[in-house]
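S.K.: The structure under discussion is supplied below as structure tokens; questions concerning it will follow.
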Amino acid sequence: MPRPYRLQSEDCFYHITSRGDDRRKIFVSEGDFIKFIKYISIAKAKFKFYIYAYCLMPNHYHLLLETSQPNISRIMHYINGSYTTYFNIRRKHCGHVFQGRFKSIVVDKDSYFLELSRYIHLNPLKAKMIDSPEKYLWSSYPGYLGKRDDLLDKDKIQRCLDMGTSQYKQFVEGGIKHSIDPFKNVYAGFLLGSGVFIKDKLKSLGTQVEGDEIAYKQIINRQISKDDIIKALTDKYHTTLEHILASKRRPMKEKMLMLYLLNANTSLTNKEIGLELEMKPAAVSKAVFRTGQHIRQNKSLQREIDEIMSNVRV
């Protein structure tokens, strides 16, 4: 099976993981964690990228970062290479520390930042290392809750987050019982986003791939039409799109559900949904998050959504 492609471009948003060779520990002492964070900090100064989230587990790590130049391989070669040298000298070890190449997934930040950051921050809890995610010292979660973290680019994060500390804490804790795997939609091992995102990203990077490995036309053809969702919803509530947009009530149930369904089931970005429903992208993101919370807590609302989607042509 061919190994996944390594896409490199400026302004690329990546989820990065790397594991210990043969799943052995890569962080044995507190000093190891500190040294690895130091290498990330040095790499940021050298290669000009931004850190959105991280979690260092005993035998692997997660990074959520954005490049400003097409240099993800150089970034990770420096971080993993520097740490390997340190680890081998410190432990009088010879050979590989990490298992093969690091894994990188190019991510649609607009659609997946929230879920990915939550997934990363819940790693220690899922591994039963602690009973509350904020107790784990080697992740960015405490920084999200207000503690100092010089590794994080908090201005960048806040532009994506569009919610306060208490709201984000509630969002993360909501994932403890209602676990969501954001990687179930990874395409061809290295792209996570809508069909439009996948197509545009490949085109912008000048990547030419044929055959089943990157048959991105298939995923685009599977996308549900926004018009079908709008029709199913307006039929369900005996209304029209014009009436929904003209309503002065806030928040309006039909509009919130429409935002949620368009975000979850079509290839539209939040910016495109906002243009459709006369809202700013940040407002769309916040409304989708809040509506998702209501749906998880309200079985009646979930049944209504199931009924709407059952009437959408696939």
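Chain labels follow the order of the structure tokens: the first chain is A, the next B, and so on; residue numbering restarts at 1 in every chain, and ligands are counted from 1 in their shown order.
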Run DSSP on the backbone of this structure and report the residues of range 28-192 of chain A it assigns to strand (DSSP E or B), as a PDB file with N, CA and C atoms, in the first residue's frame.
M.R.:
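For reference, selection35.pdb as written:
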ATOM      1  N   PHE A  49       6.309  29.138  12.193  1.00  0.00           N
ATOM      2  CA  PHE A  49       5.002  28.491  12.156  1.00  0.00           C
ATOM      3  C   PHE A  49       4.269  28.785  13.459  1.00  0.00           C
ATOM      4  N   TYR A  50       3.020  28.368  13.541  1.00  0.00           N
ATOM      5  CA  TYR A  50       2.173  28.701  14.687  1.00  0.00           C
ATOM      6  C   TYR A  50       1.639  27.425  15.344  1.00  0.00           C
ATOM      7  N   ILE A  51       1.637  27.417  16.670  1.00  0.00           N
ATOM      8  CA  ILE A  51       1.125  26.274  17.428  1.00  0.00           C
ATOM      9  C   ILE A  51      -0.279  26.593  17.946  1.00  0.00           C
ATOM     10  N   TYR A  52      -1.237  25.732  17.590  1.00  0.00           N
ATOM     11  CA  TYR A  52      -2.625  25.896  18.023  1.00  0.00           C
ATOM     12  C   TYR A  52      -2.981  24.955  19.181  1.00  0.00           C
ATOM     13  N   ALA A  53      -2.386  23.790  19.220  1.00  0.00           N
ATOM     14  CA  ALA A  53      -2.660  22.840  20.308  1.00  0.00           C
ATOM     15  C   ALA A  53      -1.576  21.766  20.295  1.00  0.00           C
ATOM     16  N   TYR A  54      -1.377  21.143  21.461  1.00  0.00           N
ATOM     17  CA  TYR A  54      -0.426  20.044  21.532  1.00  0.00           C
ATOM     18  C   TYR A  54      -0.744  19.172  22.732  1.00  0.00           C
ATOM     19  N   CYS A  55      -0.268  17.937  22.673  1.00  0.00           N
ATOM     20  CA  CYS A  55      -0.336  17.038  23.825  1.00  0.00           C
ATOM     21  C   CYS A  55       0.799  16.038  23.687  1.00  0.00           C
ATOM     22  N   LEU A  56       1.652  15.993  24.708  1.00  0.00           N
ATOM     23  CA  LEU A  56       2.780  15.070  24.722  1.00  0.00           C
ATOM     24  C   LEU A  56       2.431  13.902  25.636  1.00  0.00           C
ATOM     25  N   MET A  57       2.215  12.730  25.046  1.00  0.00           N
ATOM     26  CA  MET A  57       1.922  11.512  25.787  1.00  0.00           C
ATOM     27  C   MET A  57       3.215  10.716  25.941  1.00  0.00           C
ATOM     28  N   HIS A  60       3.861   8.949  22.467  1.00  0.00           N
ATOM     29  CA  HIS A  60       3.560   9.647  21.215  1.00  0.00           C
ATOM     30  C   HIS A  60       3.207  11.099  21.525  1.00  0.00           C
ATOM     31  N   TYR A  61       3.042  11.890  20.468  1.00  0.00           N
ATOM     32  CA  TYR A  61       2.623  13.270  20.679  1.00  0.00           C
ATOM     33  C   TYR A  61       1.698  13.723  19.557  1.00  0.00           C
ATOM     34  N   HIS A  62       0.938  14.779  19.838  1.00  0.00           N
ATOM     35  CA  HIS A  62       0.055  15.431  18.867  1.00  0.00           C
ATOM     36  C   HIS A  62       0.417  16.914  18.799  1.00  0.00           C
ATOM     37  N   LEU A  63       0.496  17.437  17.592  1.00  0.00           N
ATOM     38  CA  LEU A  63       0.664  18.874  17.376  1.00  0.00           C
ATOM     39  C   LEU A  63      -0.401  19.344  16.385  1.00  0.00           C
ATOM     40  N   LEU A  64      -0.964  20.502  16.658  1.00  0.00           N
ATOM     41  CA  LEU A  64      -1.861  21.168  15.718  1.00  0.00           C
ATOM     42  C   LEU A  64      -1.170  22.478  15.360  1.00  0.00           C
ATOM     43  N   LEU A  65      -0.667  22.573  14.139  1.00  0.00           N
ATOM     44  CA  LEU A  65       0.145  23.738  13.777  1.00  0.00           C
ATOM     45  C   LEU A  65      -0.198  24.253  12.389  1.00  0.00           C
ATOM     46  N   GLU A  66       0.205  25.491  12.140  1.00  0.00           N
ATOM     47  CA  GLU A  66      -0.017  26.120  10.840  1.00  0.00           C
ATOM     48  C   GLU A  66       1.291  26.691  10.339  1.00  0.00           C
ATOM     49  N   THR A  67       1.636  26.353   9.107  1.00  0.00           N
ATOM     50  CA  THR A  67       2.882  26.852   8.527  1.00  0.00           C
ATOM     51  C   THR A  67       2.666  28.217   7.879  1.00  0.00           C
ATOM     52  N   PHE A  98      11.853   7.452  17.173  1.00  0.00           N
ATOM     53  CA  PHE A  98      10.493   7.527  16.618  1.00  0.00           C
ATOM     54  C   PHE A  98      10.270   6.427  15.589  1.00  0.00           C
ATOM     55  N   LYS A 103       3.450  11.464  10.979  1.00  0.00           N
ATOM     56  CA  LYS A 103       2.210  11.462  10.194  1.00  0.00           C
ATOM     57  C   LYS A 103       1.647  12.874  10.161  1.00  0.00           C
ATOM     58  N   SER A 104       1.306  13.341   8.978  1.00  0.00           N
ATOM     59  CA  SER A 104       0.728  14.683   8.852  1.00  0.00           C
ATOM     60  C   SER A 104      -0.582  14.617   8.085  1.00  0.00           C
ATOM     61  N   ILE A 105      -1.574  15.326   8.579  1.00  0.00           N
ATOM     62  CA  ILE A 105      -2.870  15.445   7.908  1.00  0.00           C
ATOM     63  C   ILE A 105      -3.140  16.922   7.689  1.00  0.00           C
ATOM     64  N   VAL A 106      -3.400  17.307   6.454  1.00  0.00           N
ATOM     65  CA  VAL A 106      -3.764  18.686   6.144  1.00  0.00           C
ATOM     66  C   VAL A 106      -5.245  18.851   6.455  1.00  0.00           C
ATOM     67  N   VAL A 107      -5.562  19.859   7.266  1.00  0.00           N
ATOM     68  CA  VAL A 107      -6.895  19.987   7.856  1.00  0.00           C
ATOM     69  C   VAL A 107      -7.599  21.267   7.395  1.00  0.00           C
ATOM     70  N   SER A 139       0.113  19.296  28.063  1.00  0.00           N
ATOM     71  CA  SER A 139      -0.772  19.614  26.942  1.00  0.00           C
ATOM     72  C   SER A 139      -1.072  21.105  26.965  1.00  0.00           C
ATOM     73  N   TYR A 187      -9.399  11.668   4.371  1.00  0.00           N
ATOM     74  CA  TYR A 187      -9.439  11.163   3.007  1.00  0.00           C
ATOM     75  C   TYR A 187      -8.036  10.832   2.514  1.00  0.00           C
ATOM     76  N   LEU A 191      -5.809  14.115   4.138  1.00  0.00           N
ATOM     77  CA  LEU A 191      -6.663  15.298   3.991  1.00  0.00           C
ATOM     78  C   LEU A 191      -7.905  15.154   4.845  1.00  0.00           C
ATOM     79  N   LEU A 192      -8.236  16.207   5.574  1.00  0.00           N
ATOM     80  CA  LEU A 192      -9.437  16.200   6.408  1.00  0.00           C
ATOM     81  C   LEU A 192     -10.220  17.479   6.137  1.00  0.00           C
TER      82      LEU A 192
END
S.K.: Give me, as number ranges by chain, all polymer residues having an atom no more than 12 Å from Leu301 in chain A, counting only C-alpha atoms and skipping those fewer than 4 positions away in the same chain.
M.R.: A: 253-254, 256-257, 291-297, 305-308
S.K.: May I have all residues of range 103-243 of chain A that DSSP, computed from the backbone, assigns to helix (DSSP H, G or I), given as JSON, numbers by chain?
M.R.: {"A": [109, 110, 111, 112, 113, 114, 115, 116, 117, 118, 119, 120, 121, 123, 124, 125, 126, 133, 134, 135, 141, 142, 143, 144, 154, 155, 156, 157, 158, 159, 160, 161, 165, 166, 167, 168, 169, 170, 171, 172, 173, 174, 175, 176, 177, 182, 183, 184, 185, 195, 196, 197, 198, 199, 200, 201, 202, 203, 204, 216, 217, 218, 219, 220, 221, 226, 227, 228, 229, 230, 231, 232, 233, 234, 235, 236, 241, 242, 243]}
S.K.: Which residue, A:Met163, A:Leu275, A:Met309, A:Leu245, has the smallest gap to Leu233 in chain A when you use only C-alpha atoms?
M.R.: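 Comparing A:Met163, A:Leu275, A:Met309, A:Leu245 against Leu233 in chain A, the winner is A:Met309.
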S.K.: I'd like the contact shell of Gly193 in chain A - 9 Å cut-off, only C-alpha atoms, skipping same-chain residues fewer than 4 positions apart - returned as a tab-separated table (two decimals) with N, CA and C atoms, in the first residue's frame.
M.R.:
chain	number	residue	atom	x	y	z
A	106	VAL	N	-3.40	17.31	6.45
A	106	VAL	CA	-3.76	18.69	6.14
A	106	VAL	C	-5.25	18.85	6.46
A	107	VAL	N	-5.56	19.86	7.27
A	107	VAL	CA	-6.90	19.99	7.86
A	107	VAL	C	-7.60	21.27	7.40
A	108	ASP	N	-8.89	21.15	7.19
A	108	ASP	CA	-9.76	22.32	6.96
A	108	ASP	C	-9.99	22.98	8.32
A	109	LYS	N	-9.20	23.99	8.61
A	109	LYS	CA	-9.24	24.63	9.93
A	109	LYS	C	-10.62	25.16	10.28
A	110	ASP	N	-11.30	25.71	9.29
A	110	ASP	CA	-12.60	26.32	9.50
A	110	ASP	C	-13.62	25.32	10.04
A	111	SER	N	-13.52	24.07	9.59
A	111	SER	CA	-14.51	23.05	9.95
A	111	SER	C	-14.08	22.14	11.09
A	112	TYR	N	-12.76	21.94	11.26
A	112	TYR	CA	-12.31	20.88	12.17
A	112	TYR	C	-11.46	21.33	13.35
A	185	ASN	N	-13.24	10.84	8.99
A	185	ASN	CA	-13.47	11.42	7.66
A	185	ASN	C	-12.18	11.77	6.93
A	186	VAL	N	-11.03	11.30	7.44
A	186	VAL	CA	-9.76	11.59	6.76
A	186	VAL	C	-9.77	10.91	5.39
A	187	TYR	N	-9.40	11.67	4.37
A	187	TYR	CA	-9.44	11.16	3.01
A	187	TYR	C	-8.04	10.83	2.51
A	197	PHE	N	-12.90	21.45	-0.14
A	197	PHE	CA	-11.58	21.69	0.45
A	197	PHE	C	-10.54	20.75	-0.15
A	198	ILE	N	-10.88	19.47	-0.25
A	198	ILE	CA	-9.95	18.49	-0.80
A	198	ILE	C	-9.58	18.85	-2.23
A	267	SER	N	-20.48	20.27	1.49
A	267	SER	CA	-19.09	20.67	1.29
A	267	SER	C	-18.87	22.16	1.52
S.K.: Find the distance between CA of Lys92 in chain A and CA of Arg24 in chain A and write it in Å to one decimal.
M.R.: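 Those two atoms sit 15.7 Å apart.
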S.K.: Of the candidates A:Asp32, A:Asp150, A:Glu10, A:Asp235, which one gets nearest to Val312 in chain A if we count only C-alpha atoms?
M.R.: A:Asp235
S.K.: Which residue is closest to Gln158 in chain A? Choose from A:Tyr144, A:Ser68, A:Tyr86, A:Ser29 and count only C-alpha atoms.
M.R.: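 When distances to Gln158 in chain A are compared using only C-alpha atoms, the smallest one comes from A:Tyr144.
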S.K.: Residues at most 12 Å from Tyr136 in chain A, counting only C-alpha atoms, excluding those fewer than 6 positions away in the same chain, as an NGL selection string?
M.R.: :A and (54-58 or 120-130 or 142-143)
S.K.: In Å, how far is it from CA of Ile34 in chain A to CA of Ile176 in chain A?
M.R.: 27.5 Å
S.K.: Kindly indicate which residue among A:Leu261, A:Val172, A:Ala287, A:Val196 lies nearest to Leu145 in chain A, using only C-alpha atoms for the distances.
M.R.: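 Closest residue, counting only C-alpha atoms: A:Val172.
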S.K.: Applying 9 Å and only C-alpha atoms, which residues near Gly175 in chain A remain after dropping the ones on its own chain fewer than 4 positions away? List them as a compact mmCIF listing (two decimals) with C-alpha atoms, in the first residue's frame.
M.R.:
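Once everything was written out, this is part16.txt:
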# COMPACT_ATOMS: atom_id res chain seq x y z
CA GLU A 115 -13.11 18.92 17.26
CA ARG A 118 -10.85 18.71 21.90
CA TYR A 119 -9.60 15.32 20.71
CA LEU A 122 -8.79 14.62 25.93
CA GLN A 170 -17.80 22.96 28.62
CA PHE A 171 -17.22 21.93 25.00
CA SER A 179 -16.81 10.88 22.09
CA ILE A 180 -16.38 11.95 18.46
S.K.: Return the single residue from A:Phe102, A:Tyr83, A:Tyr260, A:Phe36 that is closest to Val284 in chain A, with distances computed using only C-alpha atoms.
M.R.: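 Comparing A:Phe102, A:Tyr83, A:Tyr260, A:Phe36 against Val284 in chain A, the winner is A:Tyr260.
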S.K.: I'd like to know which of A:Leu241, A:Ala43, A:Val97, A:Ile75 is closest to Ile26 in chain A, using only C-alpha atoms.
M.R.: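 Smallest separation from Ile26 in chain A among the options: A:Val97.
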S.K.: Which distance in Å separates CA of Met258 in chain A and CA of Ile230 in chain A, to one decimal?
M.R.: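 Between these atoms lies a distance of 6.9 Å.
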